[in-house]
file entry.txt (compact mmCIF, C-alpha atoms)
# COMPACT_ATOMS: atom_id res chain seq x y z
CA MET A 1 0.00 0.00 0.00
CA ASN A 2 1.50 3.36 -0.99
CA LYS A 3 1.72 6.46 1.20
CA PHE A 4 -1.31 8.24 -0.34
CA ALA A 5 -3.48 5.13 -0.07
CA ARG A 6 -2.57 4.77 3.61
CA LEU A 7 -3.41 8.42 4.30
CA SER A 8 -6.75 8.10 2.51
CA LEU A 9 -7.60 5.00 4.55
CA PHE A 10 -6.72 6.72 7.84
CA ALA A 11 -8.82 9.75 6.88
CA ALA A 12 -11.83 7.58 6.03
CA ALA A 13 -11.49 5.74 9.33
CA ALA A 14 -11.31 9.02 11.26
CA ILE A 15 -14.45 10.30 9.54
CA ALA A 16 -16.30 7.06 10.31
CA LEU A 17 -15.28 7.19 13.98
CA THR A 18 -16.32 10.82 14.23
CA ALA A 19 -19.70 10.02 12.67
CA CYS A 20 -20.24 7.11 15.10
CA GLY A 21 -19.25 9.30 18.00
CA ASN A 22 -21.69 12.00 16.98
CA LYS A 23 -24.48 9.45 16.66
CA GLU A 24 -23.90 8.14 20.17
CA GLU A 25 -23.94 11.66 21.56
CA GLN A 26 -27.43 12.38 20.20
CA PRO A 27 -30.05 12.36 22.99
CA ALA A 28 -32.22 9.23 23.01
CA ALA A 29 -35.80 9.76 21.93
CA ASP A 30 -38.39 9.80 24.69
CA ALA A 31 -39.86 6.27 24.76
CA SER A 32 -43.35 7.71 25.03
CA ALA A 33 -43.02 10.18 22.17
CA ALA A 34 -45.05 9.57 19.05
CA ALA A 35 -43.41 9.48 15.63
CA ALA A 36 -44.32 11.83 12.79
CA ASP A 37 -45.12 10.24 9.46
CA ALA A 38 -44.33 11.63 6.03
CA GLY A 39 -47.60 13.54 5.96
CA GLY A 40 -46.75 15.52 9.08
CA GLU A 41 -49.26 13.70 11.27
CA VAL A 42 -48.19 12.41 14.67
CA VAL A 43 -48.63 8.63 14.84
CA VAL A 44 -49.91 7.43 18.21
CA LYS A 45 -49.98 3.72 18.97
CA ILE A 46 -52.68 2.20 21.17
CA GLY A 47 -52.42 -1.44 22.20
CA GLN A 48 -55.23 -4.00 22.26
CA VAL A 49 -54.98 -7.50 23.75
CA SER A 50 -57.51 -10.33 23.61
CA PRO A 51 -57.54 -14.07 22.81
CA MET A 52 -57.86 -14.21 19.04
CA THR A 53 -57.07 -17.91 18.75
CA GLY A 54 -58.43 -20.80 20.80
CA PRO A 55 -61.93 -21.68 22.06
CA ILE A 56 -63.00 -18.10 22.84
CA ALA A 57 -61.43 -16.47 19.79
CA HIS A 58 -64.89 -15.21 18.78
CA LEU A 59 -64.91 -13.07 21.93
CA GLY A 60 -61.35 -11.88 21.34
CA LYS A 61 -62.12 -10.82 17.78
CA ASP A 62 -65.25 -9.08 19.06
CA ASN A 63 -63.02 -6.98 21.33
CA GLU A 64 -60.53 -6.25 18.57
CA PHE A 65 -63.32 -5.18 16.21
CA GLY A 66 -64.60 -2.73 18.83
CA ALA A 67 -61.14 -1.18 19.11
CA ARG A 68 -60.64 -1.03 15.34
CA LEU A 69 -63.95 0.75 14.90
CA ALA A 70 -62.97 3.33 17.51
CA ILE A 71 -59.59 3.93 15.84
CA GLU A 72 -61.24 4.37 12.44
CA ASP A 73 -63.80 6.81 13.81
CA LEU A 74 -61.11 8.85 15.58
CA ASN A 75 -58.95 9.04 12.46
CA ALA A 76 -61.99 10.08 10.41
CA GLU A 77 -62.60 12.92 12.89
CA GLY A 78 -59.09 14.32 12.38
CA VAL A 79 -58.19 14.57 16.07
CA GLU A 80 -55.75 17.26 17.20
CA ILE A 81 -53.89 16.98 20.50
CA GLY A 82 -51.62 19.73 21.78
CA GLY A 83 -52.04 21.59 18.49
CA LYS A 84 -50.85 18.62 16.39
CA LYS A 85 -52.91 16.46 14.09
CA VAL A 86 -52.85 12.85 15.30
CA LYS A 87 -53.19 9.57 13.45
CA PHE A 88 -53.99 6.62 15.72
CA GLU A 89 -52.64 3.15 15.05
CA LEU A 90 -53.91 -0.02 16.73
CA VAL A 91 -51.30 -2.56 17.79
CA SER A 92 -53.25 -5.76 18.39
CA GLU A 93 -51.90 -8.80 20.25
CA ASP A 94 -53.25 -12.30 20.88
CA ASP A 95 -52.75 -13.57 24.45
CA GLN A 96 -54.63 -16.85 23.83
CA ALA A 97 -56.31 -16.39 27.26
CA ASP A 98 -53.04 -17.66 28.75
CA PRO A 99 -51.55 -15.69 31.69
CA LYS A 100 -47.95 -16.45 30.64
CA ILE A 101 -48.53 -15.31 27.09
CA GLY A 102 -50.44 -12.34 28.47
CA THR A 103 -47.35 -11.02 30.23
CA GLN A 104 -45.21 -11.65 27.15
CA VAL A 105 -47.45 -9.63 24.86
CA ALA A 106 -47.76 -6.91 27.50
CA GLN A 107 -43.99 -6.47 27.44
CA ARG A 108 -44.09 -6.51 23.65
CA LEU A 109 -46.56 -3.61 23.68
CA VAL A 110 -44.39 -1.67 26.12
CA ASP A 111 -41.40 -2.25 23.84
CA ALA A 112 -43.50 -1.10 20.85
CA GLN A 113 -43.99 2.22 22.69
CA VAL A 114 -47.77 2.16 22.81
CA VAL A 115 -49.16 5.06 24.85
CA GLY A 116 -52.13 3.15 26.27
CA VAL A 117 -53.61 -0.35 26.32
CA VAL A 118 -57.18 -1.58 26.02
CA GLY A 119 -57.41 -5.08 27.49
CA HIS A 120 -56.96 -7.75 28.32
CA LEU A 121 -60.23 -9.66 27.93
CA ASN A 122 -59.82 -12.30 30.65
CA SER A 123 -59.17 -11.48 34.29
CA GLY A 124 -56.54 -14.22 34.34
CA THR A 125 -54.44 -12.38 31.76
CA THR A 126 -55.40 -8.82 32.72
CA ILE A 127 -54.16 -9.08 36.31
CA PRO A 128 -50.59 -10.33 35.71
CA ALA A 129 -50.16 -8.03 32.70
CA SER A 130 -51.22 -5.01 34.77
CA LYS A 131 -47.92 -4.95 36.68
CA ILE A 132 -45.97 -4.62 33.45
CA TYR A 133 -48.08 -1.67 32.31
CA SER A 134 -47.88 -0.12 35.78
CA ASP A 135 -44.09 -0.40 35.84
CA ALA A 136 -44.00 1.33 32.43
CA GLY A 137 -46.50 4.00 33.50
CA ILE A 138 -48.92 3.11 30.68
CA PRO A 139 -52.69 3.45 31.28
CA GLN A 140 -54.60 0.17 30.93
CA ILE A 141 -58.39 0.04 30.55
CA SER A 142 -60.08 -3.35 30.50
CA PRO A 143 -63.44 -3.63 28.76
CA SER A 144 -64.20 -7.04 30.21
CA ALA A 145 -62.01 -8.19 33.14
CA THR A 146 -64.40 -8.37 36.09
CA ASN A 147 -62.30 -9.91 38.88
CA PRO A 148 -62.13 -7.29 41.67
CA ASP A 149 -58.44 -8.04 42.33
CA TYR A 150 -57.51 -6.22 39.12
CA THR A 151 -58.17 -2.79 40.63
CA LYS A 152 -57.35 -3.74 44.22
CA GLN A 153 -53.60 -3.81 43.55
CA GLY A 154 -53.17 -0.08 44.07
CA TYR A 155 -51.78 0.65 40.59
CA LYS A 156 -52.52 4.13 39.26
CA THR A 157 -52.68 2.75 35.71
CA THR A 158 -55.58 0.25 36.04
CA PHE A 159 -59.16 1.05 35.01
CA ARG A 160 -62.23 -0.83 33.81
CA VAL A 161 -65.38 0.35 32.02
CA ILE A 162 -67.55 -2.53 33.25
CA ALA A 163 -68.96 -3.64 36.61
CA ASN A 164 -66.91 -6.11 38.65
CA ASP A 165 -67.71 -9.57 40.02
CA VAL A 166 -68.57 -8.36 43.50
CA GLN A 167 -71.54 -6.62 41.89
CA GLN A 168 -72.22 -9.39 39.35
CA GLY A 169 -71.92 -12.32 41.77
CA LYS A 170 -74.16 -10.57 44.29
CA ALA A 171 -76.83 -9.85 41.66
CA LEU A 172 -76.81 -13.45 40.42
CA GLY A 173 -76.84 -15.03 43.88
CA GLU A 174 -79.70 -12.87 45.04
CA PHE A 175 -81.62 -13.53 41.82
CA ALA A 176 -81.23 -17.30 42.27
CA VAL A 177 -82.72 -17.21 45.77
CA ASP A 178 -85.23 -14.36 45.46
CA ASN A 179 -86.49 -14.81 41.90
CA LEU A 180 -85.92 -18.49 41.17
CA LYS A 181 -86.71 -19.52 44.76
CA ALA A 182 -83.67 -21.78 44.79
CA LYS A 183 -83.07 -23.52 48.12
CA LYS A 184 -80.19 -25.74 46.98
CA VAL A 185 -77.53 -24.55 44.53
CA ALA A 186 -74.62 -26.46 42.97
CA ILE A 187 -71.57 -24.56 41.71
CA ILE A 188 -69.00 -25.41 39.02
CA ASP A 189 -66.13 -23.13 38.02
CA ASP A 190 -63.29 -23.36 35.51
CA ARG A 191 -60.53 -22.41 38.01
CA THR A 192 -59.62 -19.27 36.12
CA ALA A 193 -59.37 -15.91 37.90
CA TYR A 194 -62.67 -14.97 36.27
CA GLY A 195 -64.64 -18.20 36.68
CA GLN A 196 -63.57 -19.03 40.22
CA GLY A 197 -63.75 -15.41 41.36
CA LEU A 198 -67.31 -14.99 40.09
CA ALA A 199 -68.35 -18.34 41.58
CA ASP A 200 -66.95 -17.29 44.97
CA GLU A 201 -68.98 -14.07 44.95
CA PHE A 202 -72.09 -15.95 43.82
CA GLU A 203 -71.68 -18.45 46.67
CA LYS A 204 -71.36 -15.64 49.23
CA ALA A 205 -74.57 -14.03 47.98
CA VAL A 206 -76.54 -17.30 48.00
CA LYS A 207 -75.49 -18.06 51.58
CA ALA A 208 -76.25 -14.50 52.69
CA LYS A 209 -79.77 -14.98 51.37
CA GLY A 210 -80.21 -18.27 53.25
CA GLY A 211 -79.63 -20.62 50.33
CA ALA A 212 -77.58 -23.82 50.65
CA ILE A 213 -74.68 -24.97 48.47
CA SER A 214 -75.36 -28.63 47.73
CA LYS A 215 -72.11 -29.24 45.82
CA ARG A 216 -69.06 -27.28 44.67
CA GLU A 217 -67.07 -28.73 41.75
CA PHE A 218 -64.44 -27.45 39.35
CA THR A 219 -63.21 -28.15 35.85
CA THR A 220 -60.88 -26.39 33.38
CA ASN A 221 -61.39 -23.75 30.72
CA THR A 222 -60.65 -26.32 27.99
CA ALA A 223 -62.87 -29.18 29.19
CA THR A 224 -65.84 -30.43 27.16
CA ASP A 225 -66.93 -33.55 29.09
CA PHE A 226 -68.85 -32.76 32.27
CA ASN A 227 -70.72 -36.04 32.70
CA ALA A 228 -68.86 -37.18 35.83
CA ILE A 229 -69.30 -33.82 37.53
CA LEU A 230 -72.97 -33.58 36.56
CA THR A 231 -73.71 -37.14 37.70
CA SER A 232 -72.26 -36.28 41.10
CA ILE A 233 -74.27 -33.06 41.26
CA LYS A 234 -77.52 -34.70 40.10
CA SER A 235 -77.72 -36.80 43.25
CA THR A 236 -77.92 -33.62 45.37
CA GLN A 237 -81.04 -32.47 43.47
CA PRO A 238 -80.16 -28.77 43.17
CA ASP A 239 -82.65 -26.17 42.01
CA VAL A 240 -79.92 -24.19 40.21
CA ILE A 241 -76.49 -25.09 38.81
CA PHE A 242 -74.14 -22.13 38.54
CA TYR A 243 -71.26 -22.26 36.05
CA GLY A 244 -68.41 -19.76 36.33
CA GLY A 245 -66.64 -19.75 32.99
CA MET A 246 -67.00 -19.02 29.29
CA ASP A 247 -69.46 -20.02 26.57
CA ALA A 248 -67.19 -22.67 25.02
CA GLN A 249 -67.73 -24.78 28.16
CA ALA A 250 -71.18 -23.57 29.23
CA ALA A 251 -72.76 -24.80 25.98
CA PRO A 252 -71.69 -28.48 26.23
CA LEU A 253 -72.47 -28.32 29.94
CA ALA A 254 -76.07 -27.31 29.14
CA LYS A 255 -76.39 -30.07 26.54
CA GLN A 256 -75.07 -32.70 28.93
CA MET A 257 -77.45 -31.51 31.69
CA GLN A 258 -80.32 -32.05 29.29
CA ARG A 259 -79.03 -35.48 28.28
CA LEU A 260 -78.78 -36.57 31.93
CA GLY A 261 -82.29 -35.35 32.67
CA ILE A 262 -81.20 -32.68 35.15
CA LYS A 263 -84.10 -30.29 35.69
CA ALA A 264 -82.12 -27.55 37.49
CA LYS A 265 -81.74 -24.20 35.76
CA LEU A 266 -78.25 -23.31 34.57
CA MET A 267 -76.95 -19.87 35.57
CA GLY A 268 -73.77 -17.99 34.84
CA GLY A 269 -72.11 -14.65 34.22
CA ASP A 270 -71.11 -12.47 31.30
CA GLY A 271 -68.61 -15.05 30.00
CA TRP A 272 -71.43 -16.94 28.34
CA GLN A 273 -74.18 -14.37 27.85
CA THR A 274 -73.43 -14.57 24.14
CA PRO A 275 -75.06 -15.49 20.82
CA GLU A 276 -72.40 -18.20 20.58
CA PHE A 277 -73.75 -19.97 23.69
CA ILE A 278 -77.19 -20.26 22.09
CA LYS A 279 -75.67 -21.40 18.80
CA LEU A 280 -73.53 -24.10 20.46
CA ALA A 281 -76.06 -25.29 23.05
CA GLY A 282 -79.03 -25.36 20.69
CA GLU A 283 -82.33 -26.28 22.34
CA ALA A 284 -80.50 -26.94 25.62
CA SER A 285 -79.98 -23.18 25.91
CA GLU A 286 -83.70 -22.52 26.24
CA GLY A 287 -84.72 -21.22 29.65
CA GLN A 288 -81.17 -20.81 30.99
CA TYR A 289 -80.03 -17.66 32.80
CA SER A 290 -76.92 -15.54 32.54
CA SER A 291 -75.90 -11.98 33.32
CA SER A 292 -73.99 -9.20 31.66
CA CYS A 293 -72.18 -6.30 33.32
CA GLY A 294 -73.98 -3.29 31.97
CA VAL A 295 -77.44 -2.03 31.11
CA PRO A 296 -79.42 -3.73 28.30
CA ARG A 297 -78.36 -2.67 24.83
CA ASP A 298 -81.59 -0.80 24.17
CA LYS A 299 -80.76 1.35 27.22
CA MET A 300 -77.23 2.14 26.01
CA PRO A 301 -77.26 5.68 24.58
CA GLY A 302 -75.05 4.91 21.59
CA PHE A 303 -75.56 1.21 20.90
CA ALA A 304 -77.96 1.45 17.94
CA ALA A 305 -75.59 3.60 15.86
CA PHE A 306 -72.58 1.57 17.01
CA ASN A 307 -74.28 -1.70 16.10
CA ASP A 308 -75.17 -0.49 12.59
CA LYS A 309 -71.55 0.52 11.92
CA PHE A 310 -70.20 -2.68 13.49
CA LYS A 311 -72.37 -4.98 11.37
CA ALA A 312 -71.70 -3.00 8.18
CA LYS A 313 -67.94 -3.08 8.78
CA PHE A 314 -67.43 -6.65 10.06
CA ASN A 315 -70.53 -8.48 8.79
CA THR A 316 -71.16 -10.12 12.17
CA ASP A 317 -73.14 -9.54 15.35
CA VAL A 318 -71.70 -8.05 18.52
CA GLN A 319 -70.86 -10.81 21.00
CA ILE A 320 -70.45 -9.02 24.36
CA TYR A 321 -67.64 -6.57 24.96
CA ALA A 322 -67.10 -4.74 21.65
CA PRO A 323 -69.04 -1.61 22.78
CA TYR A 324 -66.99 -1.47 26.00
CA GLU A 325 -63.78 -1.89 24.00
CA TYR A 326 -64.86 0.99 21.77
CA ASP A 327 -65.55 3.16 24.81
CA ALA A 328 -62.22 2.25 26.43
CA VAL A 329 -60.31 3.52 23.39
CA LYS A 330 -62.38 6.71 23.42
CA VAL A 331 -61.64 7.24 27.15
CA LEU A 332 -57.89 7.09 26.47
CA VAL A 333 -58.11 9.62 23.66
CA ASP A 334 -60.48 11.91 25.56
CA SER A 335 -57.91 11.96 28.38
CA MET A 336 -55.14 12.84 25.92
CA LYS A 337 -57.21 15.72 24.55
CA ARG A 338 -57.84 17.14 28.01
CA ALA A 339 -54.17 16.83 28.91
CA GLY A 340 -53.02 18.26 25.58
CA SER A 341 -50.53 15.42 25.29
CA THR A 342 -50.20 11.82 24.13
CA ASP A 343 -47.41 11.18 26.63
CA PRO A 344 -48.67 8.65 29.23
CA LYS A 345 -46.80 10.48 32.01
CA VAL A 346 -48.78 13.61 31.19
CA TYR A 347 -52.25 12.30 30.38
CA LEU A 348 -52.51 9.42 32.91
CA PRO A 349 -53.88 11.66 35.71
CA GLU A 350 -56.69 12.75 33.37
CA VAL A 351 -57.97 9.18 32.88
CA GLY A 352 -59.19 9.03 36.47
CA LYS A 353 -61.01 12.36 36.00
CA THR A 354 -63.05 11.07 33.04
CA GLN A 355 -66.65 12.26 32.79
CA MET A 356 -68.06 11.20 29.44
CA THR A 357 -71.02 9.55 27.78
CA GLY A 358 -69.95 6.57 25.72
CA VAL A 359 -71.75 3.99 23.63
CA THR A 360 -72.47 2.03 26.82
CA GLY A 361 -73.50 4.94 29.04
CA GLU A 362 -71.99 7.34 31.53
CA ILE A 363 -68.31 6.66 32.30
CA SER A 364 -66.44 7.87 35.37
CA PHE A 365 -64.12 6.07 37.76
CA ASP A 366 -63.75 5.70 41.50
CA GLU A 367 -60.43 5.97 43.35
CA LYS A 368 -59.48 2.38 42.45
CA GLY A 369 -60.25 2.73 38.74
CA ASP A 370 -63.59 0.87 38.83
CA ILE A 371 -66.46 2.35 36.89
CA LYS A 372 -68.96 4.20 39.08
CA ASN A 373 -72.58 2.99 39.17
CA GLY A 374 -71.78 -0.27 37.42
CA ALA A 375 -74.94 -2.09 36.32
CA VAL A 376 -75.63 -5.83 36.06
CA THR A 377 -78.43 -7.21 33.86
CA VAL A 378 -79.85 -10.74 34.15
CA TYR A 379 -81.04 -12.43 30.95
CA GLN A 380 -82.90 -15.62 30.06
CA VAL A 381 -82.94 -17.49 26.75
CA LYS A 382 -86.45 -17.39 25.35
CA GLY A 383 -87.30 -18.52 21.84
CA GLY A 384 -83.63 -18.79 20.96
CA LYS A 385 -82.77 -15.24 22.04
CA TRP A 386 -81.47 -13.57 25.18
CA GLU A 387 -84.29 -11.62 26.81
CA VAL A 388 -83.84 -9.08 29.62
CA VAL A 389 -85.23 -10.20 33.00
CA SER A 390 -83.95 -7.49 35.38
CA THR A 391 -81.24 -4.87 35.85
CA VAL A 392 -79.49 -4.06 39.11
CA GLY A 393 -77.53 -0.84 39.65
CA GLY A 394 -76.43 1.63 37.03
CA PRO A 395 -77.25 5.34 36.75
CA ALA A 396 -80.73 6.49 37.63
CA GLN A 397 -83.07 6.20 34.66
call {"tool": "encode", "arguments": {"input": "entry.txt", "output": "structure tokens"}}
result
Amino acid sequence: MNKFARLSLFAAAAIALTACGNKEEQPAADASAAAADAGGEVVVKIGQVSPMTGPIAHLGKDNEFGARLAIEDLNAEGVEIGGKKVKFELVSEDDQADPKIGTQVAQRLVDAQVVGVVGHLNSGTTIPASKIYSDAGIPQISPSATNPDYTKQGYKTTFRVIANDVQQGKALGEFAVDNLKAKKVAIIDDRTAYGQGLADEFEKAVKAKGGAISKREFTTNTATDFNAILTSIKSTQPDVIFYGGMDAQAAPLAKQMQRLGIKAKLMGGDGWQTPEFIKLAGEASEGQYSSSCGVPRDKMPGFAAFNDKFKAKFNTDVQIYAPYEYDAVKVLVDSMKRAGSTDPKVYLPEVGKTQMTGVTGEISFDEKGDIKNGAVTVYQVKGGKWEVVSTVGGPAQ
């Protein structure tokens, strides 16, 4: 190598080192800052988590559809926050209703720099994931997790737009004794945070009303054969069988009750107050009772318009939580508007101050992040459709 070649090589190396040094000296971007796209809009990422594969994928997609509709509506409005036009982007994750996967996708959303999260669907995934969001300072609003432990942890980042299982279990237990005149009640739960938690609250309410628990059994959230459990329960001659779990199990449970000649009414919570339960259970669904956390859809101020858009966009019926998912996204963005910032550190305090009318009704939170005046509605299958029986709680009509 000649002298000039060596000098040229040294000069190139010096320039490269200088460039690298300058790059390292640049201040790191704020992890919560949104990125500007080529059109000058500020891109703001909102996370959504639900089980979009597995036996309750229909519920997970229902949630995701609710979030997508909210994002589309917001972008069509041309939202401005802090004087800047904002384009919202949904980052959707599948937690498969598995707590371990739930924490993995939660960390993935944090790493993706989302500014807020709507989800998760199940209490069993929502609760462990909430610590990850809390540690990152990211607001989390669940549209469907009803276990009271979610908001009892003391995190400033946890909220829900639906009543919890203390309210739901109490309403169901009292209904079983007062309305169905049940003296003996058998209970089955799927051992998830949701199913077992709701069953526990139901049992407390039944006992408080003077009812007796004739049998308490458990299964899993993947089981489909309940014959052994039902045979054991049948001998106790209960008036009501309560199932704490989701529609993928409640439907075969109802069919097997019918096959075994069990005359007791089947009751449960919002996990199987779905069109899918009726579809899967067929004629065995007739006459069964379940509840949903919220007022009936015809009492929701924005459901009719929401439902029309939902069906036109996705060509399917709302299962349960899509309207609550939609509202949860809107609560996050409303809080950003009031704060004048999309930075979670700035707008988080505004979430707790929310006072808005959503698709599902009036939304405001107590000091724990639970919705105030949460309603619970009991339904019965009549003529192949869920019909309203009674509503407990909620804002004054």
call {"tool": "residues_near_point", "arguments": {"input": "entry.txt", "point": "(-64.1, -6.3, 17.7)", "cutoff": "10 Å", "atoms": "all atoms listed in the file", "output": "number ranges by chain"}}
result
A: 50, 58-70, 310, 314, 316-323, 325-326
call {"tool": "closest_residue", "arguments": {"input": "entry.txt", "among": "A:Asp239, A:Leu280, A:Arg259, A:Thr360", "to": "Pro301 in chain A", "atoms": "all atoms listed in the file"}}
result
A:Thr360
call {"tool": "residues_around", "arguments": {"input": "entry.txt", "residues": "Ser292 in chain A", "least_positions_apart": "6", "cutoff": "7 Å", "atoms": "only C-alpha atoms", "output": "number ranges by chain"}}
result
A: 269-270, 273, 376-378
call {"tool": "atom_distance", "arguments": {"input": "entry.txt", "atom1": "CA of Lys372 in chain A", "atom2": "CA of Val118 in chain A"}}
result
18.5 Å
call {"tool": "closest_atom_pairs", "arguments": {"input": "entry.txt", "of": "range 234-318 of chain A", "to": "range 123-132 of chain A", "cutoff": "12 Å", "atoms": "all atoms listed in the file", "output": "CSV"}}
result
residue,atom,partner,partner_atom,distance
A:Gly245,CA,A:Ser123,CA,11.2
A:Met246,CA,A:Ser123,CA,12.0
A:Gly271,CA,A:Ser123,CA,11.0
call {"tool": "build_atoms", "arguments": {"input": "entry.txt", "residues": "range 226-252 of chain A", "atoms": "N, CA and C atoms", "output": "mmCIF file, in the frame of the given file"}}
result
data_model
loop_
_atom_site.group_PDB
_atom_site.id
_atom_site.type_symbol
_atom_site.label_atom_id
_atom_site.label_comp_id
_atom_site.auth_asym_id
_atom_site.auth_seq_id
_atom_site.Cartn_x
_atom_site.Cartn_y
_atom_site.Cartn_z
ATOM 1 N N PHE A 226 -68.461 -33.077 30.900
ATOM 2 C CA PHE A 226 -68.850 -32.760 32.270
ATOM 3 C C PHE A 226 -69.732 -33.845 32.893
ATOM 4 N N ASN A 227 -69.796 -34.997 32.255
ATOM 5 C CA ASN A 227 -70.720 -36.040 32.700
ATOM 6 C C ASN A 227 -70.454 -36.515 34.120
ATOM 7 N N ALA A 228 -69.184 -36.702 34.480
ATOM 8 C CA ALA A 228 -68.860 -37.180 35.830
ATOM 9 C C ALA A 228 -69.260 -36.148 36.882
ATOM 10 N N ILE A 229 -68.950 -34.895 36.600
ATOM 11 C CA ILE A 229 -69.300 -33.820 37.530
ATOM 12 C C ILE A 229 -70.820 -33.703 37.670
ATOM 13 N N LEU A 230 -71.516 -33.737 36.544
ATOM 14 C CA LEU A 230 -72.970 -33.580 36.560
ATOM 15 C C LEU A 230 -73.663 -34.765 37.225
ATOM 16 N N THR A 231 -73.135 -35.956 37.037
ATOM 17 C CA THR A 231 -73.710 -37.140 37.700
ATOM 18 C C THR A 231 -73.595 -37.003 39.209
ATOM 19 N N SER A 232 -72.462 -36.504 39.669
ATOM 20 C CA SER A 232 -72.260 -36.280 41.100
ATOM 21 C C SER A 232 -73.216 -35.219 41.632
ATOM 22 N N ILE A 233 -73.386 -34.147 40.852
ATOM 23 C CA ILE A 233 -74.270 -33.060 41.260
ATOM 24 C C ILE A 233 -75.738 -33.478 41.238
ATOM 25 N N LYS A 234 -76.118 -34.294 40.262
ATOM 26 C CA LYS A 234 -77.520 -34.700 40.100
ATOM 27 C C LYS A 234 -78.080 -35.340 41.365
ATOM 28 N N SER A 235 -77.259 -36.092 42.050
ATOM 29 C CA SER A 235 -77.720 -36.800 43.250
ATOM 30 C C SER A 235 -78.103 -35.843 44.384
ATOM 31 N N THR A 236 -77.604 -34.592 44.320
ATOM 32 C CA THR A 236 -77.920 -33.620 45.370
ATOM 33 C C THR A 236 -79.210 -32.855 45.080
ATOM 34 N N GLN A 237 -79.770 -33.072 43.888
ATOM 35 C CA GLN A 237 -81.040 -32.470 43.470
ATOM 36 C C GLN A 237 -81.080 -30.940 43.659
ATOM 37 N N PRO A 238 -80.162 -30.237 43.027
ATOM 38 C CA PRO A 238 -80.160 -28.770 43.170
ATOM 39 C C PRO A 238 -81.275 -28.124 42.357
ATOM 40 N N ASP A 239 -81.671 -26.950 42.767
ATOM 41 C CA ASP A 239 -82.650 -26.170 42.010
ATOM 42 C C ASP A 239 -81.960 -25.380 40.900
ATOM 43 N N VAL A 240 -80.711 -24.995 41.146
ATOM 44 C CA VAL A 240 -79.920 -24.190 40.210
ATOM 45 C C VAL A 240 -78.500 -24.746 40.166
ATOM 46 N N ILE A 241 -77.917 -24.796 38.973
ATOM 47 C CA ILE A 241 -76.490 -25.090 38.810
ATOM 48 C C ILE A 241 -75.844 -23.832 38.261
ATOM 49 N N PHE A 242 -74.853 -23.331 38.983
ATOM 50 C CA PHE A 242 -74.140 -22.130 38.540
ATOM 51 C C PHE A 242 -72.829 -22.554 37.887
ATOM 52 N N TYR A 243 -72.548 -21.994 36.699
ATOM 53 C CA TYR A 243 -71.260 -22.260 36.050
ATOM 54 C C TYR A 243 -70.489 -20.963 35.879
ATOM 55 N N GLY A 244 -69.317 -20.889 36.492
ATOM 56 C CA GLY A 244 -68.410 -19.760 36.330
ATOM 57 C C GLY A 244 -67.389 -20.066 35.271
ATOM 58 N N GLY A 245 -67.547 -19.479 34.094
ATOM 59 C CA GLY A 245 -66.640 -19.750 32.990
ATOM 60 C C GLY A 245 -67.150 -19.104 31.717
ATOM 61 N N MET A 246 -66.711 -19.626 30.577
ATOM 62 C CA MET A 246 -67.000 -19.020 29.290
ATOM 63 C C MET A 246 -67.968 -19.889 28.472
ATOM 64 N N ASP A 247 -68.436 -19.339 27.355
ATOM 65 C CA ASP A 247 -69.460 -20.020 26.570
ATOM 66 C C ASP A 247 -68.997 -21.323 25.922
ATOM 67 N N ALA A 248 -67.697 -21.442 25.658
ATOM 68 C CA ALA A 248 -67.190 -22.670 25.020
ATOM 69 C C ALA A 248 -67.377 -23.889 25.911
ATOM 70 N N GLN A 249 -67.466 -23.686 27.235
ATOM 71 C CA GLN A 249 -67.730 -24.780 28.160
ATOM 72 C C GLN A 249 -69.190 -24.799 28.619
ATOM 73 N N ALA A 250 -69.789 -23.636 28.761
ATOM 74 C CA ALA A 250 -71.180 -23.570 29.230
ATOM 75 C C ALA A 250 -72.138 -24.271 28.274
ATOM 76 N N ALA A 251 -71.871 -24.190 26.974
ATOM 77 C CA ALA A 251 -72.760 -24.800 25.980
ATOM 78 C C ALA A 251 -72.779 -26.330 26.084
ATOM 79 N N PRO A 252 -71.632 -27.022 26.053
ATOM 80 C CA PRO A 252 -71.690 -28.480 26.230
ATOM 81 C C PRO A 252 -72.201 -28.884 27.607
#
